[in-house]
$ cat upload-v3.csv   # CSV, C-alpha atoms
chain,number,residue,atom,x,y,z
S,216,MET,CA,-74.6,-71.7,-34.3
S,217,LYS,CA,-71.9,-72.4,-36.8
S,218,ASN,CA,-72.5,-69.5,-39.0
S,219,HIS,CA,-71.9,-67.0,-36.2
S,220,LYS,CA,-69.2,-65.2,-38.2
S,221,PRO,CA,-71.2,-64.2,-41.3
S,222,LYS,CA,-73.9,-63.0,-39.1
S,223,ALA,CA,-71.5,-60.6,-37.4
S,224,ILE,CA,-70.3,-59.3,-40.7
S,225,TYR,CA,-73.9,-58.8,-41.8
S,226,ARG,CA,-74.7,-56.9,-38.7
S,227,VAL,CA,-71.6,-54.7,-39.2
S,228,THR,CA,-72.4,-53.9,-42.8
S,229,SER,CA,-76.0,-53.1,-42.0
S,230,ALA,CA,-74.9,-50.8,-39.2
S,231,VAL,CA,-72.5,-49.1,-41.6
S,232,LYS,CA,-75.3,-48.8,-44.2
S,233,LEU,CA,-77.6,-47.3,-41.6
S,234,PHE,CA,-74.9,-44.9,-40.5
S,235,ALA,CA,-74.3,-43.9,-44.0
S,236,LEU,CA,-78.0,-43.3,-44.5
S,237,GLY,CA,-78.1,-41.2,-41.4
S,238,LEU,CA,-75.2,-39.2,-42.6
S,239,LEU,CA,-76.8,-38.7,-46.0
S,240,LEU,CA,-80.0,-37.5,-44.3
S,241,PHE,CA,-78.0,-35.1,-42.2
S,242,ALA,CA,-76.1,-33.7,-45.1
S,243,LEU,CA,-79.4,-33.3,-47.1
S,244,SER,CA,-81.0,-31.4,-44.2
S,245,LEU,CA,-78.0,-29.1,-44.0
S,246,GLN,CA,-78.1,-28.5,-47.7
S,247,GLY,CA,-81.7,-27.4,-47.4
S,248,CYS,CA,-80.7,-24.6,-45.0
S,249,ARG,CA,-77.9,-23.3,-47.2
S,250,GLU,CA,-79.8,-22.6,-50.4
S,251,LYS,CA,-77.6,-20.0,-52.0
S,252,LYS,CA,-79.2,-17.2,-53.8
S,253,THR,CA,-77.2,-15.1,-56.2
S,254,ASP,CA,-78.3,-11.7,-57.3
S,255,SER,CA,-75.7,-11.4,-60.1
S,256,ASN,CA,-77.1,-10.3,-63.4
S,257,ILE,CA,-73.7,-10.4,-65.1
S,258,SER,CA,-74.0,-12.6,-68.1
S,259,SER,CA,-71.9,-15.7,-68.3
S,260,SER,CA,-70.6,-14.5,-71.7
S,261,SER,CA,-69.0,-11.3,-70.2
S,262,SER,CA,-65.3,-11.3,-70.1
S,263,ILE,CA,-63.3,-12.8,-67.3
S,264,LYS,CA,-62.1,-9.3,-66.5
S,265,GLN,CA,-65.7,-8.1,-66.0
S,266,GLN,CA,-66.4,-11.1,-63.8
S,267,GLN,CA,-63.3,-10.4,-61.7
S,268,TYR,CA,-64.5,-6.8,-61.4
S,269,TYR,CA,-67.9,-8.1,-60.2
S,270,VAL,CA,-66.4,-10.4,-57.6
S,271,GLN,CA,-64.0,-7.8,-56.3
S,272,GLY,CA,-66.8,-5.2,-56.4
S,273,GLU,CA,-69.0,-7.3,-54.2
S,274,GLN,CA,-66.3,-7.5,-51.5
S,275,LEU,CA,-65.7,-3.7,-51.7
S,276,TYR,CA,-69.4,-3.1,-51.6
S,277,ILE,CA,-69.7,-5.2,-48.4
S,278,LYS,CA,-66.8,-3.4,-46.8
S,279,HIS,CA,-67.6,0.2,-47.7
S,280,CYS,CA,-71.2,0.5,-48.6
S,281,SER,CA,-73.4,-2.2,-47.0
S,282,ASN,CA,-73.3,-0.9,-43.5
S,283,CYS,CA,-75.7,1.9,-44.5
S,284,HIS,CA,-77.2,0.8,-47.8
S,285,GLN,CA,-77.5,-2.8,-46.6
S,286,LYS,CA,-76.2,-6.0,-48.2
S,287,ASN,CA,-79.4,-6.4,-50.3
S,288,GLY,CA,-79.3,-2.7,-51.3
S,289,THR,CA,-82.6,-1.8,-49.8
S,290,GLY,CA,-81.2,1.2,-47.7
S,291,LEU,CA,-82.7,2.0,-44.3
S,292,GLY,CA,-86.0,3.9,-43.9
S,293,LEU,CA,-85.5,7.5,-45.1
S,294,LEU,CA,-82.0,7.6,-43.6
S,295,TYR,CA,-80.0,5.8,-46.3
S,296,PRO,CA,-81.4,5.6,-49.8
S,297,PRO,CA,-81.9,2.3,-51.6
S,298,LEU,CA,-79.6,1.2,-54.4
S,299,ALA,CA,-81.4,-1.9,-55.5
S,300,LYS,CA,-84.5,-0.3,-56.8
S,301,SER,CA,-83.5,3.3,-57.4
S,302,ASP,CA,-84.4,5.7,-60.1
S,303,PHE,CA,-81.5,7.9,-58.9
S,304,VAL,CA,-79.0,5.0,-59.5
S,305,ASP,CA,-80.6,4.3,-62.9
S,306,GLN,CA,-80.5,7.9,-64.1
S,307,ASN,CA,-77.3,9.3,-62.6
S,308,PHE,CA,-74.5,6.9,-63.6
S,309,GLU,CA,-71.8,9.6,-63.6
S,310,ALA,CA,-72.9,11.2,-60.3
S,311,VAL,CA,-73.0,7.8,-58.7
S,312,VAL,CA,-69.4,7.1,-59.8
S,313,CYS,CA,-68.3,10.5,-58.5
S,314,LEU,CA,-70.0,10.3,-55.1
S,315,MET,CA,-68.1,7.1,-54.2
S,316,ARG,CA,-65.0,9.2,-54.1
S,317,HIS,CA,-66.2,12.6,-53.2
S,318,GLY,CA,-69.4,12.0,-51.2
S,319,ILE,CA,-72.6,14.0,-51.5
S,320,ASP,CA,-74.4,16.6,-49.5
S,321,GLY,CA,-77.9,18.0,-49.4
S,322,GLU,CA,-81.2,16.7,-50.4
S,323,LEU,CA,-81.5,13.7,-52.8
S,324,ILE,CA,-84.8,12.6,-54.2
S,325,VAL,CA,-84.8,8.8,-54.7
S,326,ASN,CA,-88.0,7.1,-55.9
S,327,GLY,CA,-89.9,10.2,-55.0
S,328,LYS,CA,-88.7,10.3,-51.4
S,329,SER,CA,-86.5,12.9,-49.9
S,330,PHE,CA,-83.2,11.8,-48.3
S,331,ASN,CA,-81.0,14.4,-46.6
S,332,LYS,CA,-78.0,13.0,-44.8
S,333,SER,CA,-74.5,13.7,-46.0
S,334,MET,CA,-72.6,10.8,-47.4
S,335,PRO,CA,-68.9,11.0,-46.9
S,336,GLY,CA,-66.8,10.0,-49.9
S,337,ILE,CA,-63.9,7.6,-49.7
S,338,PRO,CA,-61.0,9.4,-51.3
S,339,SER,CA,-58.7,6.5,-50.9
S,340,LEU,CA,-60.6,4.4,-53.4
S,341,THR,CA,-58.6,3.9,-56.6
S,342,ASP,CA,-60.1,4.2,-60.1
S,343,LEU,CA,-60.0,0.4,-60.4
S,344,GLU,CA,-61.8,-0.1,-57.1
S,345,ILE,CA,-64.5,2.3,-58.1
S,346,ALA,CA,-64.8,0.5,-61.5
S,347,GLU,CA,-65.2,-2.7,-59.5
S,348,ILE,CA,-67.9,-1.3,-57.2
S,349,THR,CA,-69.7,0.2,-60.2
S,350,THR,CA,-69.6,-3.1,-62.0
S,351,TYR,CA,-71.1,-4.8,-58.9
S,352,LEU,CA,-73.7,-2.1,-58.3
S,353,TYR,CA,-74.9,-1.9,-61.9
S,354,ASN,CA,-75.1,-5.6,-62.4
S,355,THR,CA,-77.0,-6.6,-59.3
S,356,TRP,CA,-80.6,-6.5,-58.1
S,357,ASP,CA,-82.6,-4.6,-60.8
S,358,HIS,CA,-79.6,-3.3,-62.7
S,359,LYS,CA,-78.1,-4.9,-65.8
S,360,ARG,CA,-75.5,-2.7,-67.4
S,361,ASP,CA,-72.9,-5.4,-68.0
S,362,SER,CA,-69.5,-4.2,-69.3
S,363,ILE,CA,-67.9,-1.4,-67.5
S,364,GLU,CA,-64.4,-0.3,-68.6
S,365,LEU,CA,-61.8,1.1,-66.3
S,366,GLN,CA,-61.0,3.9,-68.9
S,367,GLU,CA,-64.6,5.0,-68.9
S,368,ILE,CA,-64.6,5.2,-65.1
S,369,THR,CA,-61.3,7.1,-65.1
S,370,ASN,CA,-62.7,9.6,-67.6
S,371,ILE,CA,-65.8,10.2,-65.4
S,372,LEU,CA,-63.6,10.6,-62.3
S,373,ASN,CA,-61.5,13.1,-64.0
S,374,ARG,CA,-64.5,15.1,-65.0
S,375,CYS,CA,-66.0,15.1,-61.5
S,376,VAL,CA,-62.7,16.3,-60.0
S,377,ASP,CA,-63.0,19.3,-62.5
S,378,GLU,CA,-66.5,20.0,-61.5
S,379,SER,CA,-65.9,19.8,-57.8
S,380,ASN,CA,-65.4,23.0,-56.0
S,381,PRO,CA,-61.8,23.2,-54.7
S,382,ASN,CA,-63.1,24.4,-51.3
S,383,ARG,CA,-65.8,21.7,-51.2
S,384,SER,CA,-66.4,21.1,-47.5
S,385,SER,CA,-66.0,17.5,-46.5
S,386,THR,CA,-68.7,17.4,-43.9
S,387,ALA,CA,-67.5,14.2,-42.4
S,388,LYS,CA,-68.7,14.4,-38.9
C,7,MET,CA,-79.8,-69.7,-42.5
C,8,ASN,CA,-83.3,-68.7,-41.6
C,9,LYS,CA,-82.2,-67.8,-38.2
C,10,SER,CA,-79.4,-65.6,-39.3
C,11,LEU,CA,-81.8,-63.8,-41.5
C,12,VAL,CA,-84.1,-63.2,-38.5
C,13,ASN,CA,-81.0,-62.0,-36.6
C,14,GLY,CA,-80.1,-59.8,-39.4
C,15,GLN,CA,-83.5,-58.2,-39.5
C,16,GLN,CA,-83.3,-57.8,-35.8
C,17,SER,CA,-80.0,-56.0,-36.1
C,18,ILE,CA,-81.5,-53.7,-38.7
C,19,VAL,CA,-84.4,-53.0,-36.3
C,20,ARG,CA,-81.9,-52.3,-33.5
C,21,GLY,CA,-79.9,-50.1,-35.8
C,22,ALA,CA,-82.9,-48.2,-36.8
C,23,ALA,CA,-84.0,-47.8,-33.2
C,24,SER,CA,-80.6,-46.4,-32.2
C,25,LEU,CA,-80.6,-44.1,-35.2
C,26,LEU,CA,-84.0,-42.9,-34.0
C,27,ILE,CA,-82.6,-42.3,-30.5
C,28,VAL,CA,-79.6,-40.4,-31.8
C,29,PHE,CA,-82.0,-38.3,-34.0
C,30,SER,CA,-84.3,-37.5,-31.2
C,31,ILE,CA,-81.4,-36.4,-29.0
C,32,LEU,CA,-80.2,-34.1,-31.8
C,33,THR,CA,-83.6,-32.6,-32.3
C,34,SER,CA,-84.3,-32.3,-28.5
C,35,ALA,CA,-81.1,-30.2,-28.4
C,36,CYS,CA,-82.8,-27.6,-30.6
C,37,THR,CA,-85.9,-27.4,-28.4
C,38,LYS,CA,-84.3,-27.3,-25.0
C,39,LYS,CA,-86.3,-26.9,-21.9
C,40,GLU,CA,-87.0,-23.3,-20.9
C,41,ASN,CA,-85.0,-22.3,-17.9
C,42,PRO,CA,-85.4,-18.8,-16.6
C,43,LEU,CA,-83.0,-16.3,-18.2
C,44,PRO,CA,-79.8,-15.6,-16.3
C,45,ILE,CA,-79.5,-12.4,-14.2
C,46,PHE,CA,-76.4,-10.5,-15.0
C,47,GLY,CA,-74.1,-8.6,-12.7
C,48,GLU,CA,-72.9,-9.0,-9.1
C,49,ARG,CA,-75.3,-10.2,-6.4
C,50,GLU,CA,-75.4,-9.9,-2.7
C,51,VAL,CA,-77.2,-12.0,-0.2
C,52,GLU,CA,-78.9,-10.0,2.5
C,53,GLY,CA,-80.5,-12.3,5.0
C,54,THR,CA,-82.6,-14.6,3.0
C,55,ASP,CA,-82.9,-12.3,0.0
C,56,THR,CA,-80.6,-12.1,-2.9
C,57,VAL,CA,-80.0,-8.5,-4.1
C,58,TYR,CA,-79.2,-8.3,-7.8
C,59,HIS,CA,-77.5,-5.7,-9.9
C,60,THR,CA,-80.0,-3.2,-11.2
C,61,ILE,CA,-80.0,-0.2,-13.6
C,62,GLY,CA,-79.4,3.0,-11.7
C,63,GLU,CA,-81.5,6.1,-11.7
C,64,PHE,CA,-81.5,8.1,-14.9
C,65,LYS,CA,-83.1,11.1,-16.5
C,66,PHE,CA,-82.7,11.9,-20.2
C,67,VAL,CA,-84.7,13.7,-22.9
C,68,ASP,CA,-86.1,11.9,-25.9
C,69,GLN,CA,-86.8,12.8,-29.5
C,70,ASP,CA,-90.1,14.6,-28.5
C,71,SER,CA,-88.3,16.6,-25.7
C,72,ALA,CA,-90.1,14.4,-23.2
C,73,ALA,CA,-88.3,13.4,-20.0
C,74,VAL,CA,-87.4,9.7,-20.0
C,75,THR,CA,-86.6,8.2,-16.5
C,76,ASN,CA,-86.8,4.9,-14.8
C,77,ASP,CA,-90.5,5.6,-14.4
C,78,THR,CA,-91.0,5.5,-18.2
C,79,PHE,CA,-90.0,1.8,-18.0
C,80,LYS,CA,-92.0,1.0,-14.8
C,81,ASP,CA,-93.5,-2.5,-15.3
C,82,LYS,CA,-92.0,-2.7,-18.7
C,83,ILE,CA,-89.4,-5.0,-20.3
C,84,TYR,CA,-87.0,-3.0,-22.5
C,85,VAL,CA,-84.1,-3.3,-24.8
C,86,ALA,CA,-81.3,-0.7,-24.5
C,87,ASP,CA,-78.4,0.2,-26.8
C,88,PHE,CA,-75.8,3.0,-27.4
C,89,PHE,CA,-75.3,4.7,-30.7
C,90,PHE,CA,-74.9,8.1,-32.4
C,91,THR,CA,-76.6,9.4,-35.5
C,92,SER,CA,-73.5,10.3,-37.5
C,93,CYS,CA,-71.9,6.9,-36.9
C,94,ARG,CA,-71.3,5.0,-40.1
C,95,THR,CA,-69.6,1.9,-38.8
C,96,ILE,CA,-71.8,-0.5,-36.8
C,97,CYS,CA,-74.7,1.8,-35.9
C,98,PRO,CA,-76.6,1.4,-39.2
C,99,ILE,CA,-76.4,-2.3,-38.8
C,100,MET,CA,-77.5,-2.1,-35.2
C,101,LYS,CA,-80.5,0.1,-36.2
C,102,THR,CA,-81.5,-2.3,-39.0
C,103,GLN,CA,-81.5,-5.1,-36.3
C,104,MET,CA,-83.3,-2.9,-33.7
C,105,LEU,CA,-85.9,-2.1,-36.3
C,106,ARG,CA,-86.6,-5.9,-36.5
C,107,VAL,CA,-87.1,-5.9,-32.7
C,108,TYR,CA,-89.3,-2.8,-33.1
C,109,ASP,CA,-91.5,-4.5,-35.7
C,110,SER,CA,-91.8,-7.7,-33.5
C,111,ILE,CA,-93.0,-5.8,-30.4
C,112,GLN,CA,-95.7,-3.7,-32.1
C,113,ASN,CA,-98.5,-5.5,-30.3
C,114,GLU,CA,-96.7,-5.9,-27.0
C,115,PRO,CA,-97.6,-3.0,-24.7
C,116,ASP,CA,-95.2,-4.0,-22.0
C,117,VAL,CA,-92.0,-4.0,-24.2
C,118,LEU,CA,-90.1,-0.8,-25.1
C,119,LEU,CA,-86.9,0.2,-26.7
C,120,LEU,CA,-84.3,2.8,-25.5
C,121,SER,CA,-81.4,4.1,-27.6
C,122,HIS,CA,-78.9,6.4,-25.9
C,123,SER,CA,-76.8,8.8,-28.0
C,124,ILE,CA,-73.2,8.7,-27.0
C,125,ASP,CA,-72.6,11.9,-28.9
C,126,PRO,CA,-75.2,13.9,-27.0
C,127,GLU,CA,-73.7,17.3,-27.8
C,128,TYR,CA,-74.2,16.8,-31.6
C,129,ASP,CA,-77.3,14.6,-31.3
C,130,THR,CA,-79.8,17.2,-30.2
C,131,VAL,CA,-83.5,16.6,-29.6
C,132,GLY,CA,-84.2,17.9,-33.1
C,133,LEU,CA,-81.7,15.7,-34.8
C,134,LEU,CA,-82.9,12.6,-32.9
C,135,HIS,CA,-86.5,13.5,-33.9
C,136,ASP,CA,-85.5,13.7,-37.5
C,137,TYR,CA,-83.5,10.4,-37.2
C,138,ALA,CA,-86.5,8.5,-35.6
C,139,GLU,CA,-88.9,10.0,-38.1
C,140,ARG,CA,-86.7,8.9,-41.0
C,141,LEU,CA,-86.4,5.5,-39.5
C,142,GLY,CA,-90.2,5.5,-39.4
C,143,VAL,CA,-90.6,4.7,-35.7
C,144,LYS,CA,-92.9,6.1,-33.0
C,145,SER,CA,-91.7,7.7,-29.8
C,146,ASP,CA,-94.1,5.9,-27.5
C,147,LYS,CA,-92.4,2.6,-28.4
C,148,TRP,CA,-88.8,3.6,-29.1
C,149,HIS,CA,-87.1,6.4,-27.2
C,150,PHE,CA,-84.0,8.0,-28.6
C,151,VAL,CA,-82.4,9.9,-25.7
C,152,THR,CA,-79.8,12.5,-25.3
C,153,GLY,CA,-78.5,14.2,-22.1
C,154,SER,CA,-75.3,15.1,-20.4
C,155,LYS,CA,-72.4,13.2,-21.7
C,156,GLU,CA,-71.1,12.2,-18.3
C,157,ASP,CA,-74.5,10.8,-17.3
C,158,ILE,CA,-74.8,8.7,-20.5
C,159,TYR,CA,-71.2,7.4,-20.3
C,160,LYS,CA,-71.6,6.6,-16.6
C,161,ILE,CA,-74.9,4.7,-17.0
C,162,ALA,CA,-73.4,2.8,-20.0
C,163,GLN,CA,-70.4,1.7,-17.9
C,164,THR,CA,-71.8,1.1,-14.5
C,165,SER,CA,-75.4,0.1,-15.2
C,166,TYR,CA,-75.4,-1.6,-18.6
C,167,PHE,CA,-71.8,-2.8,-18.6
C,168,ALA,CA,-71.6,-1.4,-22.2
C,169,THR,CA,-68.5,0.3,-23.5
C,170,ALA,CA,-69.0,3.9,-24.6
C,171,MET,CA,-66.3,6.5,-24.7
C,172,GLU,CA,-64.8,9.2,-26.9
C,173,ASP,CA,-61.7,8.3,-28.8
C,174,LYS,CA,-60.5,10.7,-31.5
C,175,SER,CA,-58.3,8.0,-33.1
C,176,GLU,CA,-61.4,6.0,-34.1
C,177,PRO,CA,-62.8,6.7,-37.6
C,178,ASP,CA,-66.0,8.2,-36.1
C,179,GLY,CA,-64.5,9.5,-32.9
C,180,PHE,CA,-66.1,7.1,-30.5
C,181,ILE,CA,-65.6,3.5,-29.2
C,182,HIS,CA,-68.8,1.8,-28.4
C,183,SER,CA,-70.1,-1.7,-28.2
C,184,GLY,CA,-72.8,-2.9,-30.5
C,185,ALA,CA,-74.6,-4.6,-27.6
C,186,PHE,CA,-78.3,-4.8,-27.1
C,187,LEU,CA,-79.2,-5.3,-23.4
C,188,LEU,CA,-82.5,-6.9,-22.3
C,189,ILE,CA,-83.8,-5.4,-19.1
C,190,ASP,CA,-86.6,-6.9,-17.1
C,191,LYS,CA,-89.4,-5.2,-15.2
C,192,ASP,CA,-87.3,-5.2,-12.0
C,193,ARG,CA,-84.4,-3.2,-13.7
C,194,ARG,CA,-82.2,-6.3,-14.0
C,195,ILE,CA,-80.1,-7.2,-17.0
C,196,ARG,CA,-81.4,-10.5,-18.4
C,197,GLY,CA,-79.5,-10.8,-21.7
C,198,LYS,CA,-76.7,-9.3,-23.7
C,199,TYR,CA,-76.7,-9.6,-27.5
C,200,ASP,CA,-74.5,-8.5,-30.4
C,201,GLY,CA,-76.7,-6.0,-32.2
C,202,THR,CA,-74.8,-6.4,-35.4
C,203,LYS,CA,-75.5,-10.1,-35.7
C,204,GLU,CA,-78.9,-11.3,-37.0
C,205,GLU,CA,-78.6,-14.7,-35.2
C,206,ASP,CA,-78.0,-12.9,-31.9
C,207,VAL,CA,-81.0,-10.7,-32.4
C,208,ASN,CA,-83.1,-13.8,-33.2
C,209,ARG,CA,-82.1,-15.0,-29.8
C,210,LEU,CA,-83.1,-11.7,-28.3
C,211,LEU,CA,-86.5,-11.9,-29.9
C,212,ALA,CA,-87.0,-15.4,-28.4
C,213,ASP,CA,-85.7,-14.2,-25.0
C,214,ILE,CA,-88.2,-11.3,-24.9
C,215,GLN,CA,-91.0,-13.9,-25.2
C,216,ARG,CA,-89.4,-16.1,-22.5
C,217,LEU,CA,-89.1,-13.1,-20.2
C,218,LYS,CA,-92.7,-12.2,-20.7
C,219,LYS,CA,-93.7,-15.7,-19.7
C,220,GLU,CA,-91.8,-15.4,-16.4
C,221,TYR,CA,-94.1,-12.5,-15.5
C,222,VAL,CA,-97.2,-14.2,-16.5
C,223,LYS,CA,-96.3,-17.1,-14.2
C,224,GLU,CA,-95.6,-14.8,-11.3
C,225,ASN,CA,-98.9,-12.9,-11.5
$ encode --input "upload-v3.csv" --output "structure tokens"
Amino acid sequence: MKNHKPKAIYRVTSAVKLFALGLLLFALSLQGCREKKTDSNISSSSSIKQQQYYVQGEQLYIKHCSNCHQKNGTGLGLLYPPLAKSDFVDQNFEAVVCLMRHGIDGELIVNGKSFNKSMPGIPSLTDLEIAEITTYLYNTWDHKRDSIELQEITNILNRCVDESNPNRSSTAK
Amino acid sequence: MNKSLVNGQQSIVRGAASLLIVFSILTSACTKKENPLPIFGEREVEGTDTVYHTIGEFKFVDQDSAAVTNDTFKDKIYVADFFFTSCRTICPIMKTQMLRVYDSIQNEPDVLLLSHSIDPEYDTVGLLHDYAERLGVKSDKWHFVTGSKEDIYKIAQTSYFATAMEDKSEPDGFIHSGAFLLIDKDRRIRGKYDGTKEEDVNRLLADIQRLKKEYVKEN
């Protein structure tokens, strides 16, 4: 009965070990739930500026676009067209840049399906913000366009202002 | 020395046992016992009976121009919400989530969905028809209804306790809650969920099954 003290210590340390083990198991089980999946196709070699555009673009996409087009870009039924797998997005780079600011009306054929709900533009978006959203959109899901320059976007935006009808009706209902 | 080793082993066993108990408590918290779902609203006791808040009488028109009344939901469980087709804020998210509910009740003849337009003057039968069709849903399962604005706002406020009103200062011109309401076969509200949150809608899906079981037991 003389070595009562060491026993107590042993008991304490084993309890601590067990507790630590429990904690570890718990942490591991949490980890399993939080498997993070990234859709970014932007290459690690792209410039820091491009990566900043991408990160900002993702935030702007979530704020302005994802309600309708969904976070994963799948769209919703025949109401809101998909962006993730979309021949329209692939083939109409300039139009896509323009419609972020000016919106679009009338029928759109996307992947062979007809969509016909007017999309309001967001005139308050700056050229830089549109460049950021464009970087995100064209480097996520199935798209891999990589470098997008602000000047290029500004040029496109100037062109679409020229094309747009001055009495274009903004059918924001 | 030998004895202390035995004691040490005992303490490990004890430790492991307590860990097991803690673990089982944790896991049991996830699979809690099924109590009946709450019944929302005020209640009155009349004699020995409790009278609960129920959904009032209504008569609306759905996307097929068919009349939709309380009788449409006789002996049915249903999920109700309030939206409008031109809404770009929370409605698309709500509809994405309601579509999950729709998919999950395909083989449940006693569960229906009811979406009220809070912009009934703009959302005509034709527009609702197009909307439902583009969403890819069938009218016998999911009714999109329009009617008089007063009737819809009144039933939202007084029957479903859901906010729905016009407000020109809002981006889309309306204030409305994104709530999904679970209504039982006796017209009582049994659950309220945030229709913009996936986790909340998961809870709704589970509650529909719980509510169904209540009726199996009673029969």
$ residues_around --input "upload-v3.csv" --residues "segment 178-192 of chain C" --least-positions-apart "6" --cutoff "6 Å" --atoms "only C-alpha atoms" --output "list in words"
Asp81, Lys82, Ile83, Tyr84, Val85, Ala86, Asp87, Thr169, Ala170, Met171, Glu172, Lys198, Tyr199, Asp200 and Gly201 of chain C
$ write_last_selection --input "upload-v3.csv" --atoms "C-alpha atoms" --output "CSV table (one decimal), in the frame of the given file"
chain,number,residue,atom,x,y,z
C,81,ASP,CA,-93.5,-2.5,-15.3
C,82,LYS,CA,-92.0,-2.7,-18.7
C,83,ILE,CA,-89.4,-5.0,-20.3
C,84,TYR,CA,-87.0,-3.0,-22.5
C,85,VAL,CA,-84.1,-3.3,-24.8
C,86,ALA,CA,-81.3,-0.7,-24.5
C,87,ASP,CA,-78.4,0.2,-26.8
C,169,THR,CA,-68.5,0.3,-23.5
C,170,ALA,CA,-69.0,3.9,-24.6
C,171,MET,CA,-66.3,6.5,-24.7
C,172,GLU,CA,-64.8,9.2,-26.9
C,198,LYS,CA,-76.7,-9.3,-23.7
C,199,TYR,CA,-76.7,-9.6,-27.5
C,200,ASP,CA,-74.5,-8.5,-30.4
C,201,GLY,CA,-76.7,-6.0,-32.2
$ atom_distance --input "upload-v3.csv" --atom1 "atom CA of Leu294 of chain S" --atom2 "atom CA of Val131 of chain C"
16.7 Å
$ atom_distance --input "upload-v3.csv" --atom1 "atom CA of Asn282 of chain S" --atom2 "atom CA of Tyr351 of chain S"
16.0 Å
$ atom_distance --input "upload-v3.csv" --atom1 "atom CA of Thr202 of chain C" --atom2 "atom CA of Gln267 of chain S"
29.0 Å
$ residues_near_point --input "upload-v3.csv" --point "(-72.7, 11.9, -38.2)" --cutoff "10 Å" --atoms "only C-alpha atoms" --output "PyMOL selection string"
(chain S and resi 332-335+386-388) or (chain C and resi 90-94+125+128-129+178)
$ closest_atom_pairs --input "upload-v3.csv" --of "chain C" --to "chain S" --cutoff "6 Å" --atoms "all atoms listed in the file" --output "CSV"
residue,atom,partner,partner_atom,distance
C:Ser17,CA,S:Arg226,CA,6.0
C:Pro98,CA,S:Cys283,CA,5.4
C:Ile99,CA,S:Asn282,CA,5.8
C:Arg140,CA,S:Leu293,CA,4.5
C:Leu141,CA,S:Gly292,CA,4.7
$ residues_near_point --input "upload-v3.csv" --point "(-66.4, -0.1, -55.6)" --cutoff "9 Å" --atoms "only C-alpha atoms" --output "list in words"
Gln271, Gly272, Glu273, Gln274, Leu275, Tyr276, His279, Cys280, Val312, Met315, Leu340, Thr341, Asp342, Leu343, Glu344, Ile345, Ala346, Glu347, Ile348, Thr349, Thr350, Tyr351 and Leu352 of chain S
$ closest_residue --input "upload-v3.csv" --among "S:Thr355, S:Asp305, S:Val270, S:Arg360" --to "Asn287 of chain S" --atoms "all atoms listed in the file"
S:Thr355
$ residues_around --input "upload-v3.csv" --residues "segment 68-78 of chain C" --least-positions-apart "5" --cutoff "7 Å" --atoms "only C-alpha atoms" --output "compact mmCIF listing (two decimals) with C-alpha atoms, in the frame of the given file"
# COMPACT_ATOMS: atom_id res chain seq x y z
CA GLU C 63 -81.50 6.10 -11.70
CA VAL C 131 -83.50 16.60 -29.60
CA GLY C 132 -84.20 17.90 -33.10
CA LEU C 134 -82.90 12.60 -32.90
CA HIS C 135 -86.50 13.50 -33.90
CA HIS C 149 -87.10 6.40 -27.20
CA PHE C 150 -84.00 8.00 -28.60
CA VAL C 151 -82.40 9.90 -25.70
CA THR C 152 -79.80 12.50 -25.30
$ residues_around --input "upload-v3.csv" --residues "Pro338 of chain S" --least-positions-apart "5" --cutoff "10 Å" --atoms "all atoms listed in the file" --output "list in words"
Leu314, Met315, Arg316, His317 and Gly318 of chain S
$ closest_residue --input "upload-v3.csv" --among "C:Ser145, C:Gln163, C:Thr102, C:Ser110" --to "Ile124 of chain C" --atoms "only C-alpha atoms"
C:Gln163
